[in-house]
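What follows is the content of input.csv, which has CSV, C-alpha atoms and all ligand atoms:
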chain,number,residue,atom,x,y,z
I,24,MET,CA,143.8,82.2,-19.7
I,25,ILE,CA,142.0,83.3,-16.5
I,26,LEU,CA,143.4,80.8,-14.0
I,27,MET,CA,141.8,79.1,-11.1
I,28,ASN,CA,144.7,80.3,-8.9
I,29,ASN,CA,147.4,82.7,-9.8
I,30,PHE,CA,150.2,82.8,-7.2
I,31,GLN,CA,152.6,84.5,-9.5
I,32,ALA,CA,150.3,87.5,-9.5
I,33,GLU,CA,150.5,87.9,-5.8
I,34,PRO,CA,151.6,91.4,-4.5
I,35,ALA,CA,155.4,92.0,-4.5
I,36,GLU,CA,155.1,93.2,-0.9
I,37,LEU,CA,153.8,89.8,0.2
I,38,ILE,CA,156.5,87.9,-1.6
I,39,GLN,CA,159.1,90.1,0.1
I,40,GLN,CA,157.5,89.4,3.5
I,41,GLU,CA,157.7,85.6,2.7
I,42,VAL,CA,161.3,85.8,1.7
I,43,ALA,CA,162.1,87.7,4.9
I,44,ALA,CA,160.3,85.1,6.9
I,45,VAL,CA,162.1,82.3,5.3
I,46,GLU,CA,165.5,84.0,5.8
I,47,LYS,CA,164.8,84.6,9.4
I,48,VAL,CA,164.1,80.9,9.9
I,49,ILE,CA,167.2,79.8,8.0
I,50,LYS,CA,169.3,82.2,10.1
I,51,SER,CA,167.7,81.0,13.4
I,52,GLY,CA,169.2,77.6,13.0
I,53,TRP,CA,166.0,76.0,14.4
I,54,TYR,CA,163.6,74.3,12.0
I,55,ILE,CA,161.1,72.0,13.7
I,56,LEU,CA,158.8,72.8,16.6
I,57,GLY,CA,160.1,76.2,17.7
I,58,ASN,CA,159.0,79.8,18.1
I,59,GLN,CA,157.6,80.2,14.6
I,60,VAL,CA,155.2,77.3,15.1
I,61,SER,CA,154.1,78.4,18.6
I,62,ASN,CA,153.6,82.0,17.4
I,63,PHE,CA,151.5,80.9,14.4
I,64,GLU,CA,149.5,78.6,16.6
I,65,SER,CA,148.7,81.4,19.0
I,66,ALA,CA,147.8,83.8,16.1
I,67,TRP,CA,145.6,81.2,14.4
I,68,ALA,CA,143.8,80.2,17.7
I,69,SER,CA,143.1,83.9,18.3
I,70,HIS,CA,141.8,84.5,14.8
I,71,CYS,CA,139.6,81.4,15.3
I,72,ARG,CA,138.5,82.6,18.8
I,73,VAL,CA,139.4,79.3,20.4
I,74,ASN,CA,141.9,78.4,23.1
I,75,TYR,CA,144.2,76.2,21.1
I,76,ALA,CA,145.6,75.6,17.6
I,77,ILE,CA,148.0,72.7,17.0
I,78,GLY,CA,150.1,72.9,13.8
I,79,VAL,CA,150.4,69.6,11.9
I,80,GLY,CA,151.7,68.4,8.6
I,81,ASN,CA,148.6,68.8,6.5
I,82,GLY,CA,144.8,68.8,6.6
I,83,MET,CA,144.4,65.1,6.3
I,84,ASP,CA,146.6,64.5,9.3
I,85,ALA,CA,144.7,67.1,11.2
I,86,ILE,CA,141.5,64.9,10.8
I,87,GLU,CA,143.3,61.7,11.7
I,88,ILE,CA,145.0,63.2,14.7
I,89,GLY,CA,141.8,64.8,15.8
I,90,LEU,CA,140.0,61.4,15.6
I,91,ARG,CA,142.8,59.6,17.4
I,92,ALA,CA,142.9,62.2,20.1
I,93,LEU,CA,139.2,61.5,20.8
I,94,LYS,CA,140.0,57.7,20.8
I,95,ILE,CA,137.7,57.2,17.8
I,96,GLY,CA,139.1,54.2,16.0
I,97,SER,CA,138.5,50.5,15.5
I,98,GLY,CA,134.8,49.6,15.3
I,99,ASP,CA,133.7,53.2,15.5
I,100,GLU,CA,131.6,54.8,12.8
I,101,VAL,CA,132.0,58.4,11.6
I,102,ILE,CA,129.3,59.8,9.3
I,103,THR,CA,130.4,62.2,6.6
I,104,THR,CA,129.8,63.3,3.0
I,105,PRO,CA,130.7,61.6,-0.3
I,106,MET,CA,131.0,65.1,-1.9
I,107,THR,CA,134.4,66.1,-0.5
I,108,ALA,CA,138.1,65.8,-1.0
I,109,PHE,CA,139.1,62.2,-0.8
I,110,ALA,CA,141.3,63.1,2.2
I,111,THR,CA,138.3,63.5,4.5
I,112,VAL,CA,137.3,59.9,4.1
I,113,LEU,CA,140.9,58.6,3.9
I,114,ALA,CA,141.7,60.3,7.2
I,115,ILE,CA,138.8,58.4,8.9
I,116,ILE,CA,140.1,55.1,7.5
I,117,ARG,CA,143.7,55.9,8.5
I,118,ALA,CA,142.5,56.6,12.1
I,119,GLY,CA,141.2,53.0,12.0
I,120,ALA,CA,137.5,54.0,12.1
I,121,ILE,CA,134.7,53.2,9.7
I,122,PRO,CA,133.3,56.0,7.4
I,123,VAL,CA,129.6,56.0,6.7
I,124,LEU,CA,128.3,58.2,3.9
I,125,ALA,CA,125.2,60.4,4.0
I,126,ASP,CA,123.7,62.3,1.1
I,127,ILE,CA,123.9,66.1,0.5
I,128,GLU,CA,121.3,68.8,0.0
I,129,PRO,CA,121.2,69.8,-3.7
I,130,ALA,CA,121.1,73.6,-3.2
I,131,THR,CA,124.2,73.7,-1.0
I,132,ALA,CA,126.0,70.4,-1.5
I,133,LEU,CA,126.3,70.2,2.3
I,134,LEU,CA,125.3,67.1,4.4
I,135,ASP,CA,121.6,66.5,4.6
I,136,PRO,CA,120.6,66.1,8.3
I,137,ALA,CA,117.7,63.7,7.4
I,138,SER,CA,120.2,61.5,5.6
I,139,VAL,CA,122.7,61.6,8.5
I,140,GLU,CA,119.9,60.5,10.8
I,141,ARG,CA,119.3,57.4,8.6
I,142,CYS,CA,123.0,56.5,8.9
I,143,LEU,CA,123.1,56.6,12.7
I,144,SER,CA,123.8,53.2,14.4
I,145,SER,CA,124.9,52.0,17.8
I,146,ARG,CA,128.5,52.3,16.6
I,147,THR,CA,128.2,56.0,15.4
I,148,ARG,CA,130.7,58.1,17.4
I,149,ALA,CA,130.7,61.3,15.3
I,150,VAL,CA,129.5,63.4,12.4
I,151,LEU,CA,132.3,65.0,10.4
I,152,LEU,CA,130.9,68.0,8.7
I,153,VAL,CA,132.7,69.3,5.6
I,154,HIS,CA,132.2,73.1,5.1
I,155,LEU,CA,132.3,72.6,1.4
I,156,TYR,CA,133.3,75.5,-0.9
I,157,GLY,CA,133.7,77.8,2.1
I,158,GLN,CA,130.1,77.7,3.5
I,159,VAL,CA,129.0,77.2,7.1
I,160,ARG,CA,125.3,76.6,7.6
I,161,ASN,CA,122.8,75.5,10.2
I,162,MET,CA,125.2,74.9,13.0
I,163,ASP,CA,122.5,75.1,15.6
I,164,SER,CA,120.7,72.2,14.1
I,165,TRP,CA,123.9,70.1,13.8
I,166,ILE,CA,124.6,70.7,17.5
I,167,THR,CA,121.1,69.6,18.4
I,168,LEU,CA,121.3,66.5,16.2
I,169,CYS,CA,124.6,65.5,17.7
I,170,ASN,CA,123.5,66.1,21.3
I,171,HIS,CA,120.3,64.0,20.8
I,172,ALA,CA,122.3,61.2,19.2
I,173,GLY,CA,125.0,61.4,21.9
I,174,ILE,CA,127.8,61.7,19.3
I,175,GLN,CA,130.7,64.2,18.6
I,176,LEU,CA,130.3,67.1,16.1
I,177,LEU,CA,133.5,67.4,14.1
I,178,GLU,CA,134.4,69.8,11.4
I,179,ASP,CA,136.6,69.6,8.3
I,180,CYS,CA,137.4,73.2,7.7
I,181,ALA,CA,139.9,72.8,4.9
I,182,GLN,CA,137.8,75.0,2.6
I,183,SER,CA,136.3,77.4,5.2
I,184,HIS,CA,139.0,79.5,6.8
I,185,LEU,CA,137.4,82.0,9.2
I,186,ALA,CA,133.9,81.5,7.9
I,187,PHE,CA,131.5,82.4,10.7
I,188,TRP,CA,128.2,81.1,11.9
I,189,LYS,CA,126.8,83.7,14.3
I,190,ASN,CA,129.8,84.5,16.5
I,191,LYS,CA,131.8,81.4,16.1
I,192,VAL,CA,134.3,80.4,13.5
I,193,ALA,CA,134.2,77.1,11.5
I,194,GLY,CA,135.8,74.5,13.6
I,195,ALA,CA,134.8,75.9,17.0
I,196,PHE,CA,131.4,74.2,17.2
I,197,GLY,CA,132.3,70.7,18.3
I,198,ALA,CA,135.2,68.9,19.8
I,199,TRP,CA,137.6,70.2,17.1
I,200,GLY,CA,138.0,71.7,13.7
I,201,ALA,CA,140.6,70.5,11.1
I,202,TYR,CA,142.3,73.0,8.9
I,203,SER,CA,144.5,72.5,5.8
I,204,PHE,CA,147.0,75.1,4.6
I,205,TYR,CA,147.6,73.5,1.2
I,206,PRO,CA,148.7,76.3,-1.2
I,207,THR,CA,145.3,76.8,-2.9
I,208,LYS,CA,143.3,77.0,0.4
I,209,ASN,CA,142.1,80.4,1.5
I,210,LEU,CA,145.0,80.5,4.0
I,211,GLY,CA,147.7,78.4,2.4
I,212,THR,CA,151.5,78.0,2.7
I,213,LEU,CA,154.1,77.3,0.0
I,214,GLY,CA,153.9,73.6,0.7
I,215,ASP,CA,151.9,71.4,3.0
I,216,GLY,CA,150.6,72.4,6.4
I,217,GLY,CA,147.5,72.0,8.7
I,218,ALA,CA,146.1,72.7,12.1
I,219,ILE,CA,143.6,71.4,14.6
I,220,ILE,CA,141.7,73.9,16.6
I,221,THR,CA,139.9,73.2,19.9
I,222,ASN,CA,138.8,74.7,23.2
I,223,SER,CA,139.8,71.5,25.1
I,224,GLU,CA,143.1,71.5,26.8
I,225,ALA,CA,143.1,67.7,27.0
I,226,LEU,CA,142.5,67.4,23.3
I,227,ALA,CA,145.1,70.0,22.5
I,228,ASN,CA,147.7,68.1,24.6
I,229,GLN,CA,146.8,64.8,23.1
I,230,ALA,CA,147.1,66.2,19.5
I,231,LYS,CA,150.6,67.6,20.4
I,232,ILE,CA,151.6,64.2,21.5
I,233,LEU,CA,150.2,62.4,18.5
I,234,ARG,CA,151.8,64.8,15.9
I,235,ASN,CA,155.2,64.0,17.3
I,236,TYR,CA,155.5,60.2,17.4
I,237,GLY,CA,153.2,59.9,20.4
I,238,GLN,CA,156.0,61.4,22.5
I,239,SER,CA,154.7,62.8,25.9
I,240,GLN,CA,158.1,63.9,27.1
I,241,ARG,CA,161.4,63.6,25.4
I,242,TYR,CA,162.0,59.9,24.6
I,243,HIS,CA,158.8,58.8,26.4
I,244,HIS,CA,156.1,57.5,24.1
I,245,SER,CA,152.7,57.3,25.6
I,246,GLU,CA,151.0,56.6,22.3
I,247,LEU,CA,151.8,55.3,18.8
I,248,GLY,CA,151.7,58.6,17.1
I,249,LEU,CA,152.6,60.1,13.7
I,250,ASN,CA,155.3,62.3,12.4
I,251,SER,CA,153.1,65.2,11.4
I,252,ARG,CA,154.5,68.5,12.5
I,253,LEU,CA,154.1,71.9,10.9
I,254,ASP,CA,157.6,73.1,10.4
I,255,GLU,CA,159.2,76.5,11.3
I,256,MET,CA,159.5,77.6,7.6
I,257,HIS,CA,155.9,77.0,6.8
I,258,ALA,CA,154.7,78.5,10.1
I,259,ALA,CA,156.7,81.7,9.4
I,260,ILE,CA,155.2,81.9,5.8
I,261,LEU,CA,151.8,81.3,7.2
I,262,THR,CA,152.3,84.2,9.7
I,263,ALA,CA,153.2,86.5,6.9
I,264,ARG,CA,150.2,85.4,4.8
I,265,LEU,CA,147.8,85.7,7.7
I,266,GLY,CA,148.5,89.4,7.6
I,267,TRP,CA,146.9,89.5,4.1
I,268,PHE,CA,144.0,87.2,4.9
I,269,ASP,CA,141.3,89.8,5.5
I,270,PHE,CA,142.2,91.6,2.3
I,271,PHE,CA,142.2,88.5,0.2
I,272,SER,CA,139.0,87.2,1.8
I,273,ALA,CA,137.2,90.4,1.1
I,274,ARG,CA,138.2,90.2,-2.6
I,275,ARG,CA,136.8,86.7,-2.9
I,276,LYS,CA,133.5,87.9,-1.5
I,277,GLU,CA,133.5,90.8,-4.0
I,278,ILE,CA,134.1,88.4,-6.9
I,279,ALA,CA,131.3,86.1,-5.6
I,280,LYS,CA,128.9,89.1,-5.4
I,281,ALA,CA,129.7,90.1,-9.0
I,282,TYR,CA,129.0,86.5,-10.1
I,283,PHE,CA,125.7,86.4,-8.2
I,284,ASP,CA,124.7,89.8,-9.8
I,285,GLY,CA,126.1,89.2,-13.2
I,286,ILE,CA,125.6,85.5,-14.2
I,287,LYS,CA,122.3,85.3,-16.0
I,288,ASN,CA,121.9,82.3,-18.3
I,289,PRO,CA,119.0,79.9,-18.2
I,290,LEU,CA,121.3,77.0,-18.7
I,291,VAL,CA,123.4,77.9,-15.6
I,292,HIS,CA,122.2,77.7,-12.0
I,293,LEU,CA,123.8,79.3,-9.0
I,294,MET,CA,124.1,77.6,-5.7
I,295,ALA,CA,122.3,78.9,-2.6
I,296,GLU,CA,123.6,82.2,-1.3
I,297,PRO,CA,124.8,82.3,2.3
I,298,VAL,CA,122.5,83.4,5.1
I,299,GLU,CA,124.9,86.2,5.8
I,300,SER,CA,128.1,87.2,4.0
I,301,LYS,CA,130.3,86.1,6.9
I,302,CYS,CA,129.0,82.5,6.5
I,303,HIS,CA,130.7,81.9,3.2
I,304,VAL,CA,134.4,82.6,2.4
I,305,TYR,CA,134.2,81.3,-1.3
I,306,HIS,CA,137.1,79.0,-1.3
I,307,LEU,CA,135.4,77.9,-4.6
I,308,PHE,CA,132.6,79.5,-6.6
I,309,VAL,CA,130.6,76.7,-8.0
I,310,ILE,CA,127.9,76.8,-10.7
I,311,LEU,CA,125.6,74.1,-11.8
I,312,CYS,CA,124.8,73.1,-15.4
I,313,ASP,CA,123.1,70.0,-17.0
I,314,LYS,CA,125.5,70.4,-19.9
I,315,ARG,CA,128.5,70.7,-17.5
I,316,ASP,CA,131.2,69.0,-19.7
I,317,ARG,CA,130.2,71.1,-22.7
I,318,LEU,CA,130.3,74.3,-20.6
I,319,SER,CA,133.7,73.3,-19.2
I,320,ASN,CA,135.2,72.9,-22.7
I,321,TYR,CA,133.5,76.0,-24.0
I,322,LEU,CA,135.0,78.1,-21.1
I,323,VAL,CA,138.5,76.8,-21.8
I,324,GLU,CA,138.1,77.8,-25.4
I,325,HIS,CA,137.1,81.2,-24.3
I,326,GLY,CA,140.1,81.6,-22.0
I,327,VAL,CA,138.4,80.7,-18.7
I,328,ASP,CA,140.0,77.9,-16.7
I,329,ASN,CA,137.7,75.7,-14.6
I,330,LEU,CA,137.7,72.6,-12.4
I,331,ILE,CA,135.2,70.1,-11.0
I,332,HIS,CA,134.8,69.7,-7.2
I,333,TYR,CA,134.2,66.8,-7.3
I,334,PRO,CA,133.6,64.7,-10.4
I,335,ILE,CA,133.6,61.3,-8.6
I,336,PRO,CA,131.8,61.0,-5.3
I,337,VAL,CA,133.8,59.1,-2.7
I,338,HIS,CA,131.5,56.0,-2.8
I,339,HIS,CA,132.4,55.6,-6.5
I,340,GLN,CA,136.2,55.5,-5.9
I,341,VAL,CA,137.6,52.0,-6.3
I,342,PRO,CA,138.6,51.4,-2.7
I,343,CYS,CA,135.4,52.9,-1.3
I,344,ARG,CA,132.7,51.1,-3.2
I,345,SER,CA,131.5,49.0,-0.2
I,346,ILE,CA,131.4,51.8,2.3
I,347,ARG,CA,128.1,51.7,4.2
I,348,ARG,CA,125.8,54.6,3.2
I,349,ASP,CA,122.3,56.0,3.6
I,350,PRO,CA,119.9,53.1,2.7
I,351,LYS,CA,118.0,55.5,0.4
I,352,GLY,CA,121.2,56.0,-1.6
I,353,LEU,CA,123.4,59.1,-2.3
I,354,ILE,CA,121.5,60.3,-5.4
I,355,HIS,CA,122.0,64.1,-4.7
I,356,ALA,CA,125.7,63.6,-4.4
I,357,GLU,CA,125.8,61.6,-7.7
I,358,VAL,CA,123.7,64.3,-9.5
I,359,HIS,CA,125.9,67.1,-8.1
I,360,ALA,CA,129.0,65.4,-9.4
I,361,THR,CA,127.6,65.5,-12.9
I,362,ARG,CA,126.5,69.2,-12.8
I,363,CYS,CA,129.0,71.1,-10.7
I,364,LEU,CA,131.7,73.4,-12.1
I,365,SER,CA,134.1,75.6,-10.2
I,366,ILE,CA,135.0,78.9,-12.0
I,367,PRO,CA,137.9,81.2,-11.1
I,368,CYS,CA,137.4,83.0,-7.8
I,369,HIS,CA,140.8,84.0,-6.4
I,370,PRO,CA,142.0,87.2,-4.8
I,371,GLN,CA,144.4,88.2,-7.6
I,372,MET,CA,141.6,88.4,-10.3
I,373,SER,CA,141.1,91.8,-11.8
I,374,ASP,CA,137.6,93.3,-12.3
I,375,ASP,CA,138.2,92.9,-16.0
I,376,GLU,CA,138.8,89.2,-15.6
I,377,VAL,CA,135.7,88.8,-13.5
I,378,ASN,CA,133.6,90.5,-16.2
I,379,LYS,CA,135.1,88.3,-18.9
I,380,VAL,CA,134.1,85.2,-16.9
I,381,ILE,CA,130.6,86.5,-16.5
I,382,GLU,CA,130.3,87.4,-20.2
I,383,ALA,CA,131.6,84.0,-21.3
I,384,ILE,CA,129.1,82.2,-19.1
I,385,ASN,CA,126.2,84.4,-20.2
I,386,GLU,CA,127.0,83.8,-23.9
I,387,PHE,CA,127.0,80.0,-23.5
I,388,LYS,CA,124.2,78.4,-25.5
C,401,LIG,C1,142.2,70.1,1.0
C,401,LIG,C2,141.2,69.3,1.7
C,401,LIG,C3,141.6,68.3,2.7
C,401,LIG,C4,143.0,67.8,2.8
C,401,LIG,O1,144.0,68.8,3.1
C,401,LIG,P1,145.5,68.4,2.8
C,401,LIG,O2,146.2,69.6,3.5
C,401,LIG,O3,145.7,68.4,1.4
C,401,LIG,O4,145.8,67.1,3.4
C,401,LIG,C5,140.6,67.7,3.4
C,401,LIG,N1,139.4,68.0,3.3
C,401,LIG,C6,138.9,69.0,2.4
C,401,LIG,C7,137.5,69.3,2.3
C,401,LIG,C8,139.9,69.6,1.6
C,401,LIG,O5,139.4,70.5,0.7

Write-out of the structure in structure tokens:
Amino acid sequence: MILMNNFQAEPAELIQQEVAAVEKVIKSGWYILGNQVSNFESAWASHCRVNYAIGVGNGMDAIEIGLRALKIGSGDEVITTPMTAFATVLAIIRAGAIPVLADIEPATALLDPASVERCLSSRTRAVLLVHLYGQVRNMDSWITLCNHAGIQLLEDCAQSHLAFWKNKVAGAFGAWGAYSFYPTKNLGTLGDGGAIITNSEALANQAKILRNYGQSQRYHHSELGLNSRLDEMHAAILTARLGWFDFFSARRKEIAKAYFDGIKNPLVHLMAEPVESKCHVYHLFVILCDKRDRLSNYLVEHGVDNLIHYPIPVHHQVPCRSIRRDPKGLIHAEVHATRCLSIPCHPQMSDDEVNKVIEAINEFK
């Protein structure tokens, strides 16, 4: 089976570096909030070309802490997309704020600005963009829209590690960006991890307080915070894996290019190509098909694993059915959920495997 992810096929040299990193932490005798975390935070901030990165427990907490650091909570509305990981919306609710769902554009599955405009109200405090599948697009228009509306621009970057729009990295356009280092993400650890990136010293300080029980100095609690710290072990592993990031990212782009060039089947549609290659890091390669479920089963029968991101839009999840949404509805998200299919696109794939995926898709009838 050609897998969606194949960690066991990772280079022996990388595994050795991870084992050495873990051994170093074990021998250091220091496991929470130490040098490994601050070293990784500096390295990640510099890769993202921002002033601060704050390591936290996971990507969902990064969003919650980011919202709370901005004092976005009770009574405040945050507009986002229903075509995302559940964590995006759950984090807004956990922060005490009210999610409002806008529709997506069919060609990219990213938020549609016209729909976002229809969702604005006097209580709107922010738009939380999700750079779905690895794509960053139209950031200039989003900045303009948010400035006109007088609201914050926030970014869920869990799928868009080091994707660029012009000279800025995903997460650097508004108040903050929230990253996840879940194992399958483009930069992932061997467990849970996350980070908030920001250029604001005040926000960075607030996030550091919130991740550690709201503690401003030892035993002094200025806020009711969380326990959501990136730990030394995962920070050390992330530092090792960061050294491989460019190599892995380039491979994802090569695979995506092969798919764009090679997939030719009238029953299968490709999503919009990025404006420039640096604007898409291909966390997922997604194809569209009206016979999606049949295609999915057919691919498994032909040795090609696949997944759906996402089969159920957030507003159809049981606890989310009454969330306020675009008065015109969320039809594009609903249609996308029935047509989208993610095919293998991970750095350990061989050319032979990539060709087999293309062949299988092209022979689907
Ligand atoms: C993975 C993901 C998250 C959540 O990250 P965790 O680290 O699993 O909490 C949030 N948003 C999106 C878009 C994701 O893909």

Distance limit 8 Å, reference ligand LIG 401 (chain C), atoms considered: only C-alpha atoms and all ligand atoms. Which residues make the cut? Give them as a compact mmCIF listing (two decimals) with C-alpha atoms, in the coordinates of the input.
# COMPACT_ATOMS: atom_id res chain seq x y z
CA GLY I 80 151.70 68.40 8.60
CA ASN I 81 148.60 68.80 6.50
CA GLY I 82 144.80 68.80 6.60
CA MET I 83 144.40 65.10 6.30
CA ASP I 84 146.60 64.50 9.30
CA ALA I 85 144.70 67.10 11.20
CA ILE I 86 141.50 64.90 10.80
CA THR I 107 134.40 66.10 -0.50
CA ALA I 108 138.10 65.80 -1.00
CA PHE I 109 139.10 62.20 -0.80
CA ALA I 110 141.30 63.10 2.20
CA THR I 111 138.30 63.50 4.50
CA VAL I 153 132.70 69.30 5.60
CA HIS I 154 132.20 73.10 5.10
CA LEU I 155 132.30 72.60 1.40
CA ASP I 179 136.60 69.60 8.30
CA CYS I 180 137.40 73.20 7.70
CA ALA I 181 139.90 72.80 4.90
CA GLN I 182 137.80 75.00 2.60
CA TYR I 202 142.30 73.00 8.90
CA SER I 203 144.50 72.50 5.80
CA PHE I 204 147.00 75.10 4.60
CA TYR I 205 147.60 73.50 1.20
CA LYS I 208 143.30 77.00 0.40
CA ASP I 215 151.90 71.40 3.00
CA GLY I 216 150.60 72.40 6.40
CA GLY I 217 147.50 72.00 8.70

Shortest interatomic distance to Ala43 (chain I) - which of I:Leu133, I:Ala263, I:Ser365, I:Asn62, counting only C-alpha atoms: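 Checking each of I:Leu133, I:Ala263, I:Ser365, I:Asn62 against Ala43 (chain I), counting only C-alpha atoms, the winner is I:Ala263.
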
I:Tyr75, I:Phe308, I:Tyr242, I:Phe63 ranked by distance to Tyr282 (chain I), top pick (using all atoms listed in the file): I:Phe308

I want to know what sits within 10 Å of region 139-141 of chain I, based on all atoms listed in the file, with residues of the same chain fewer than 2 positions away left out; could you give that as a list in words? Ile102, Thr103, Thr104, Val123, Leu124, Ala125, Asp126, Ile127, Leu134, Asp135, Pro136, Ala137, Leu143, Ser144, Val150, Leu168, Cys169, Ala172, Arg348, Asp349, Pro350 and Lys351 of chain I

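Residue nearest Asp374 (chain I), chosen from I:Lys280, I:Ile354, I:Pro334, I:Gly197 and counting all atoms listed in the file: I:Lys280.
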
Taking the point (145.7, 72.6, 24.9) as given in the file, collect each protein or nucleic acid residue that comes within 7 Å of it, counting all atoms listed in the file, and present the set as a PyMOL selection string. chain I and resi 75+223-228

File of the preceding selection, C-alpha atoms, as a PDB file, in the coordinates of the input:
ATOM      1  CA  TYR I  75     144.200  76.200  21.100  1.00  0.00           C
ATOM      2  CA  SER I 223     139.800  71.500  25.100  1.00  0.00           C
ATOM      3  CA  GLU I 224     143.100  71.500  26.800  1.00  0.00           C
ATOM      4  CA  ALA I 225     143.100  67.700  27.000  1.00  0.00           C
ATOM      5  CA  LEU I 226     142.500  67.400  23.300  1.00  0.00           C
ATOM      6  CA  ALA I 227     145.100  70.000  22.500  1.00  0.00           C
ATOM      7  CA  ASN I 228     147.700  68.100  24.600  1.00  0.00           C
TER       8      ASN I 228
END

Residues within 12 Å of Leu26 (chain I), only C-alpha atoms, excluding chain neighbours under 6 positions, as a PyMOL selection string: chain I and resi 32+207+322-323+326-330+365-373+376-377+380

Kindly indicate which residue among I:Arg252, I:Arg160, I:Arg347, I:His338 lies nearest to Ile121 (chain I), using only C-alpha atoms for the distances. I:Arg347

Taking (122.0, 72.1, -2.0) in the file's own coordinates, collect the residues within 10 Å, counting all atoms listed in the file, and hand them back as a PyMOL selection string. chain I and resi 127-135+294-295+355-356+359

Written selection (C-alpha atoms) as a JSON list (two decimals), in the coordinates of the input:
[["chain", "number", "residue", "atom", "x", "y", "z"],
["I", 127, "ILE", "CA", 123.90, 66.10, 0.50],
["I", 128, "GLU", "CA", 121.30, 68.80, 0.00],
["I", 129, "PRO", "CA", 121.20, 69.80, -3.70],
["I", 130, "ALA", "CA", 121.10, 73.60, -3.20],
["I", 131, "THR", "CA", 124.20, 73.70, -1.00],
["I", 132, "ALA", "CA", 126.00, 70.40, -1.50],
["I", 133, "LEU", "CA", 126.30, 70.20, 2.30],
["I", 134, "LEU", "CA", 125.30, 67.10, 4.40],
["I", 135, "ASP", "CA", 121.60, 66.50, 4.60],
["I", 294, "MET", "CA", 124.10, 77.60, -5.70],
["I", 295, "ALA", "CA", 122.30, 78.90, -2.60],
["I", 355, "HIS", "CA", 122.00, 64.10, -4.70],
["I", 356, "ALA", "CA", 125.70, 63.60, -4.40],
["I", 359, "HIS", "CA", 125.90, 67.10, -8.10]]

Within 12 Å of Pro34 (chain I) using all atoms listed in the file, minus same-chain residues under 5 positions, as a PDB file with C-alpha atoms, in the coordinates of the input:
ATOM      1  CA  ASN I  29     147.400  82.700  -9.800  1.00  0.00           C
ATOM      2  CA  GLN I  39     159.100  90.100   0.100  1.00  0.00           C
ATOM      3  CA  GLN I  40     157.500  89.400   3.500  1.00  0.00           C
ATOM      4  CA  GLU I  41     157.700  85.600   2.700  1.00  0.00           C
ATOM      5  CA  ARG I 264     150.200  85.400   4.800  1.00  0.00           C
ATOM      6  CA  TRP I 267     146.900  89.500   4.100  1.00  0.00           C
ATOM      7  CA  PHE I 270     142.200  91.600   2.300  1.00  0.00           C
ATOM      8  CA  PHE I 271     142.200  88.500   0.200  1.00  0.00           C
ATOM      9  CA  PRO I 370     142.000  87.200  -4.800  1.00  0.00           C
ATOM     10  CA  GLN I 371     144.400  88.200  -7.600  1.00  0.00           C
ATOM     11  CA  MET I 372     141.600  88.400 -10.300  1.00  0.00           C
TER      12      MET I 372
END

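With all atoms listed in the file as the atoms that count, the residue of I:Asn378, I:Ser138, I:Ser61, I:Ser300 with the shortest distance to Ile77 (chain I) is I:Ser61.
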
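The smallest atom-to-atom distance between Met106 (chain I) and any of I:His257, I:Lys388, I:His339, I:Arg241, using only C-alpha atoms, is found for I:His339.
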
Selection near Ser65 (chain I), 12 Å with all atoms listed in the file, sequence-local residues under 2 positions removed, as number ranges by chain: I: 58-63, 67-78, 218, 220, 258, 262

Save out the residues we just selected, C-alpha atoms, as a PDB file, in the frame of the given file.
ATOM      1  CA  ASN I  58     159.000  79.800  18.100  1.00  0.00           C
ATOM      2  CA  GLN I  59     157.600  80.200  14.600  1.00  0.00           C
ATOM      3  CA  VAL I  60     155.200  77.300  15.100  1.00  0.00           C
ATOM      4  CA  SER I  61     154.100  78.400  18.600  1.00  0.00           C
ATOM      5  CA  ASN I  62     153.600  82.000  17.400  1.00  0.00           C
ATOM      6  CA  PHE I  63     151.500  80.900  14.400  1.00  0.00           C
ATOM      7  CA  TRP I  67     145.600  81.200  14.400  1.00  0.00           C
ATOM      8  CA  ALA I  68     143.800  80.200  17.700  1.00  0.00           C
ATOM      9  CA  SER I  69     143.100  83.900  18.300  1.00  0.00           C
ATOM     10  CA  HIS I  70     141.800  84.500  14.800  1.00  0.00           C
ATOM     11  CA  CYS I  71     139.600  81.400  15.300  1.00  0.00           C
ATOM     12  CA  ARG I  72     138.500  82.600  18.800  1.00  0.00           C
ATOM     13  CA  VAL I  73     139.400  79.300  20.400  1.00  0.00           C
ATOM     14  CA  ASN I  74     141.900  78.400  23.100  1.00  0.00           C
ATOM     15  CA  TYR I  75     144.200  76.200  21.100  1.00  0.00           C
ATOM     16  CA  ALA I  76     145.600  75.600  17.600  1.00  0.00           C
ATOM     17  CA  ILE I  77     148.000  72.700  17.000  1.00  0.00           C
ATOM     18  CA  GLY I  78     150.100  72.900  13.800  1.00  0.00           C
ATOM     19  CA  ALA I 218     146.100  72.700  12.100  1.00  0.00           C
ATOM     20  CA  ILE I 220     141.700  73.900  16.600  1.00  0.00           C
ATOM     21  CA  ALA I 258     154.700  78.500  10.100  1.00  0.00           C
ATOM     22  CA  THR I 262     152.300  84.200   9.700  1.00  0.00           C
TER      23      THR I 262
END

What's the separation between CA of Ala92 (chain I) and CA of Glu64 (chain I), in Å to one decimal place?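 According to the coordinates, CA of Ala92 (chain I) and CA of Glu64 (chain I) are separated by 18.0 Å.
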
Correct to one decimal, the distance CA of Leu176 (chain I)-CA of Gln158 (chain I) is 16.5 Å

Could you please determine the separation between CA of Arg275 (chain I) and CA of Ala198 (chain I) in Å, to one decimal place?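 Straight-line distance from CA of Arg275 (chain I) to CA of Ala198 (chain I) works out to 28.9 Å.
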